[in-house]
>>> print(open('upload.cif').read())   # mmCIF, C-alpha atoms
data_start
loop_
_atom_site.label_atom_id
_atom_site.label_comp_id
_atom_site.auth_asym_id
_atom_site.auth_seq_id
_atom_site.Cartn_x
_atom_site.Cartn_y
_atom_site.Cartn_z
CA ALA A 655 0.00 0.00 0.00
CA THR A 656 2.93 2.34 0.71
CA GLU A 657 4.28 1.89 -2.84
CA ARG A 658 0.85 2.71 -4.29
CA ALA A 659 0.60 5.84 -2.13
CA ALA A 660 4.07 6.96 -3.22
CA GLU A 661 3.14 6.35 -6.86
CA ALA A 662 -0.08 8.35 -6.42
CA GLN A 663 1.88 11.30 -4.97
CA LYS A 664 4.18 11.67 -8.00
CA PRO A 665 1.73 13.64 -10.21
CA ALA A 666 0.93 15.94 -7.29
CA SER A 667 4.52 16.78 -6.31
CA VAL A 668 5.89 20.22 -7.16
CA VAL A 669 9.67 20.58 -7.51
CA GLY A 670 12.13 23.28 -8.65
CA ARG A 671 10.95 26.74 -9.68
CA SER A 672 7.20 26.79 -10.14
CA ALA A 673 4.42 29.35 -9.95
CA THR A 674 1.86 26.56 -9.62
CA ALA A 675 -0.34 27.27 -6.65
CA GLU A 676 -1.47 23.71 -6.04
CA ARG A 677 -2.09 20.37 -7.71
CA GLU A 678 -4.37 17.46 -7.17
CA ALA A 679 -4.36 13.86 -8.26
CA PHE A 680 -6.87 11.05 -8.01
CA TRP A 681 -5.94 7.42 -7.52
CA PRO A 682 -8.49 4.57 -7.81
CA GLU A 683 -8.51 2.19 -4.85
CA ALA A 684 -10.38 -1.06 -4.28
CA HIS A 685 -13.06 0.62 -2.13
CA GLY A 686 -12.92 4.27 -3.16
CA ILE A 687 -10.81 6.96 -4.74
CA LEU A 688 -7.78 8.55 -3.10
CA LEU A 689 -7.71 12.35 -3.55
CA ILE A 690 -4.26 13.84 -3.10
CA LYS A 691 -3.87 17.62 -2.84
CA ALA A 692 -0.39 19.12 -3.04
CA VAL A 693 0.58 22.69 -2.14
CA PRO A 694 4.11 23.94 -2.82
CA ILE A 695 5.98 25.51 0.08
CA TRP A 696 7.97 28.65 -0.81
CA ILE A 697 9.04 31.80 0.97
CA ASP A 698 8.73 34.48 -1.74
CA PRO A 699 5.88 34.10 -4.29
CA ALA A 700 7.69 36.59 -6.58
CA GLN A 701 10.58 34.12 -6.93
CA PRO A 702 8.90 30.81 -6.20
CA ASP A 703 11.81 28.57 -5.29
CA VAL A 704 9.96 25.55 -4.00
CA LEU A 705 11.34 24.38 -0.66
CA GLY A 706 9.04 21.37 -0.51
CA THR A 707 5.53 20.15 -1.05
CA LEU A 708 2.79 19.71 1.52
CA ILE A 709 0.75 16.70 0.44
CA LEU A 710 -2.60 15.88 2.01
CA GLY A 711 -4.92 13.05 1.08
CA VAL A 712 -8.42 11.88 1.73
CA SER A 713 -10.11 8.68 0.72
CA LEU A 714 -13.42 9.14 -1.07
CA ASP A 715 -14.86 5.88 0.21
CA THR A 716 -18.15 4.61 1.63
CA ASN A 717 -17.58 6.43 4.94
CA GLN A 718 -16.98 9.73 3.15
CA ALA A 719 -20.02 9.12 0.92
CA GLY A 720 -22.06 8.58 4.10
CA ARG A 721 -20.91 11.94 5.47
CA PHE A 722 -21.89 13.67 2.22
CA LYS A 723 -25.25 11.88 2.32
CA GLN A 724 -25.96 13.31 5.78
CA LEU A 725 -25.07 16.83 4.61
CA THR A 726 -27.02 16.74 1.33
CA ASN A 727 -29.88 14.32 2.09
CA SER A 728 -28.93 12.57 -1.17
CA GLU A 729 -27.40 9.26 -2.16
CA ILE A 730 -23.74 9.58 -3.20
CA ALA A 731 -21.56 7.42 -5.45
CA PHE A 732 -17.89 7.78 -6.42
CA GLY A 733 -16.65 6.22 -9.64
CA VAL A 734 -13.67 6.14 -11.97
CA ASN A 735 -12.80 4.33 -15.20
CA GLY A 736 -16.36 3.12 -15.72
CA GLN A 737 -16.67 1.52 -12.27
CA ILE A 738 -18.40 2.65 -9.10
CA ARG A 739 -15.81 2.44 -6.30
CA ALA A 740 -17.92 3.53 -3.30
CA ALA A 741 -21.54 4.52 -2.73
CA THR A 742 -24.22 4.90 -0.10
CA LEU A 743 -26.48 2.65 -2.18
CA PRO A 744 -26.21 -1.16 -2.00
CA GLU A 745 -23.51 -2.73 -4.16
CA SER A 746 -26.19 -4.53 -6.21
CA THR A 747 -27.21 -1.13 -7.68
CA TRP A 748 -23.70 -0.13 -8.79
CA PRO A 749 -23.92 -1.66 -12.30
CA GLY A 750 -26.98 0.53 -12.94
CA LEU A 751 -24.97 3.63 -11.96
CA ALA A 752 -21.83 2.84 -13.98
CA PRO A 753 -23.19 4.18 -17.34
CA LEU A 754 -23.69 7.60 -15.71
CA LEU A 755 -19.91 7.93 -15.22
CA SER A 756 -19.46 8.63 -18.93
CA ARG A 757 -21.93 11.55 -18.88
CA PRO A 758 -20.70 14.10 -16.32
CA GLY A 759 -22.51 17.41 -16.32
CA THR A 760 -25.86 15.95 -17.38
CA SER A 761 -28.85 14.94 -15.32
CA SER A 762 -30.54 11.60 -15.84
CA GLN A 763 -33.40 9.60 -14.42
CA VAL A 764 -32.48 6.11 -13.28
CA THR A 765 -34.44 3.33 -11.56
CA LEU A 766 -32.57 1.29 -8.96
CA ASN A 767 -34.27 -1.50 -6.98
CA GLY A 768 -37.70 -0.20 -8.01
CA GLU A 769 -37.00 3.34 -6.81
CA ASP A 770 -36.72 6.32 -9.19
CA TYR A 771 -33.78 8.69 -8.80
CA LEU A 772 -32.69 11.90 -10.46
CA ALA A 773 -28.92 11.57 -10.94
CA PHE A 774 -26.37 14.37 -11.34
CA PRO A 775 -22.90 13.05 -12.28
CA THR A 776 -20.15 15.65 -11.83
CA SER A 777 -16.48 15.37 -12.72
CA LEU A 778 -14.13 15.78 -9.77
CA ASP A 779 -11.31 16.80 -12.12
CA PRO A 780 -12.61 18.67 -15.21
CA SER A 781 -9.10 18.89 -16.68
CA VAL A 782 -8.97 15.12 -17.25
CA PRO A 783 -10.39 13.83 -20.56
CA LYS A 784 -13.65 11.88 -20.20
CA GLY A 785 -14.21 13.72 -16.89
CA GLN A 786 -12.86 10.97 -14.65
CA PRO A 787 -13.21 10.58 -11.65
CA VAL A 788 -16.89 11.34 -11.09
CA VAL A 789 -19.22 11.82 -8.13
CA ILE A 790 -22.89 11.04 -8.68
CA VAL A 791 -25.48 12.75 -6.51
CA LEU A 792 -28.84 10.96 -6.56
CA ARG A 793 -32.13 12.39 -5.29
CA SER A 794 -34.94 9.90 -4.74
CA GLN A 795 -37.98 10.95 -6.75
CA THR A 796 -40.00 8.14 -5.17
CA GLU A 797 -39.28 9.49 -1.69
CA ARG A 798 -40.04 13.07 -2.75
CA LEU A 799 -43.35 12.06 -4.38
CA LEU A 800 -44.38 10.04 -1.31
CA PHE A 801 -45.08 13.32 0.48
CA LEU A 802 -47.40 14.42 -2.34
CA ARG A 803 -49.26 11.10 -2.29
CA GLN A 804 -49.80 11.45 1.45
CA LEU A 805 -50.93 15.05 0.98
CA HIS A 806 -53.40 14.04 -1.75
CA ALA A 807 -54.81 11.29 0.49
CA GLU A 808 -55.24 13.71 3.39
CA LEU A 809 -56.85 16.35 1.15
CA GLY A 810 -59.25 13.74 -0.26
CA LEU A 811 -60.20 12.60 3.24
CA THR A 812 -60.68 16.20 4.35
CA ALA A 813 -62.89 16.92 1.32
CA PHE A 814 -64.97 13.81 2.01
CA VAL A 815 -65.45 14.75 5.67
CA ALA A 816 -66.35 18.35 4.70
CA VAL A 817 -68.98 17.18 2.16
CA LEU A 818 -70.38 14.68 4.68
CA ALA A 819 -70.55 17.36 7.40
CA ALA A 820 -72.23 19.81 5.00
CA THR A 821 -74.78 17.17 3.97
CA LEU A 822 -75.61 16.27 7.57
CA LEU A 823 -75.86 19.96 8.49
CA ARG A 824 -78.19 20.54 5.55
CA TYR A 825 -80.52 17.72 6.70
CA ALA A 826 -80.40 19.00 10.26
CA ILE A 827 -81.44 22.50 9.15
CA ALA A 828 -84.20 21.18 6.87
#
>>> encode(input="upload.cif", output="structure tokens")
Amino acid sequence: ATERAAEAQKPASVVGRSATAEREAFWPEAHGILLIKAVPIWIDPAQPDVLGTLILGVSLDTNQAGRFKQLTNSEIAFGVNGQIRAATLPESTWPGLAPLLSRPGTSSQVTLNGEDYLAFPTSLDPSVPKGQPVVIVLRSQTERLLFLRQLHAELGLTAFVAVLAATLLRYAIA
């Protein structure tokens, strides 16, 4: 694992004279995507002699997807190279999400396990051709429409009770 981490850091490293503010690299893992962010360390930005590179990383895995789910009230999936690597949805739904990885920046409707979702795939690194890696944010249309179905049922019941009350009141007055 250490060799893979060192290999993943190479594209993010900044050496020599460079005016580059920062770099990032993504590395597919078995259960997620490793995001590496590198920031050069220099004393004078006018003459950026890089003294070193501060490299930080975070794993975009199922735990991270769960945190994003709590913040956005949406299902989250991370994918790269045509494969979903981590998601808040069950692994059985991942093959249904994989085609969305090739269409970042577009919204799509997808049905997974009998539930309708509105999916928004977004490239995590727009500079990479094909827009890889990708995060997919999914909003459950079935869950959102459940509220309307309940509201319609309650309005129908209220209308029925109001008509019944008006009818009984009319007979009572007559």
>>> residues_near_point(input="upload.cif", point="(1.4, 23.8, 0.1)", cutoff="7 Å", atoms="all atoms listed in the file", output="JSON, numbers by chain")
{"A": [676, 692, 693, 694, 695, 707, 708]}
>>> closest_residue(input="upload.cif", among="A:Glu678, A:Glu745, A:Glu769, A:Asp779", to="Ile709 in chain A", atoms="all atoms listed in the file")
A:Glu678
>>> residues_around(input="upload.cif", residues="Thr765 in chain A", least_positions_apart="4", cutoff="10 Å", atoms="all atoms listed in the file", output="list in words")
Thr747, Gly750, Leu751, Glu769, Asp770, Tyr771, Leu772, Ala773, Ser794, Gln795 and Thr796 of chain A
>>> atom_distance(input="upload.cif", atom1="CA of Thr716 in chain A", atom2="CA of Pro753 in chain A")
19.6 Å
>>> closest_residue(input="upload.cif", among="A:Ala820, A:Leu710, A:Ile738, A:Ile697", to="Glu683 in chain A", atoms="only C-alpha atoms")
A:Ile738
>>> closest_residue(input="upload.cif", among="A:Leu822, A:Ala741, A:Ala816, A:Leu689", to="Arg721 in chain A", atoms="only C-alpha atoms")
A:Ala741
>>> residues_around(input="upload.cif", residues="Ile730 in chain A", least_positions_apart="3", cutoff="7 Å", atoms="all atoms listed in the file", output="ChimeraX atom specification")
/A:719,723,741-742,790-792
>>> write_last_selection(input="upload.cif", atoms="C-alpha atoms", output="PDB file, keeping the file's coordinate frame")
ATOM      1  CA  ALA A 719     -20.020   9.120   0.920  1.00  0.00           C
ATOM      2  CA  LYS A 723     -25.250  11.880   2.320  1.00  0.00           C
ATOM      3  CA  ALA A 741     -21.540   4.520  -2.730  1.00  0.00           C
ATOM      4  CA  THR A 742     -24.220   4.900  -0.100  1.00  0.00           C
ATOM      5  CA  ILE A 790     -22.890  11.040  -8.680  1.00  0.00           C
ATOM      6  CA  VAL A 791     -25.480  12.750  -6.510  1.00  0.00           C
ATOM      7  CA  LEU A 792     -28.840  10.960  -6.560  1.00  0.00           C
TER       8      LEU A 792
END
>>> atom_distance(input="upload.cif", atom1="CA of Gly733 in chain A", atom2="CA of Pro682 in chain A")
8.5 Å
>>> resolve_selection(input="upload.cif", expression="the PyMOL selection byres ((chain A and resi 775) around 12)", output="NGL selection string")
:A and (729-734 or 738 or 751-764 or 772-774 or 776-778 or 785-793)
>>> atom_distance(input="upload.cif", atom1="CA of Ser746 in chain A", atom2="CA of Phe680 in chain A")
24.9 Å
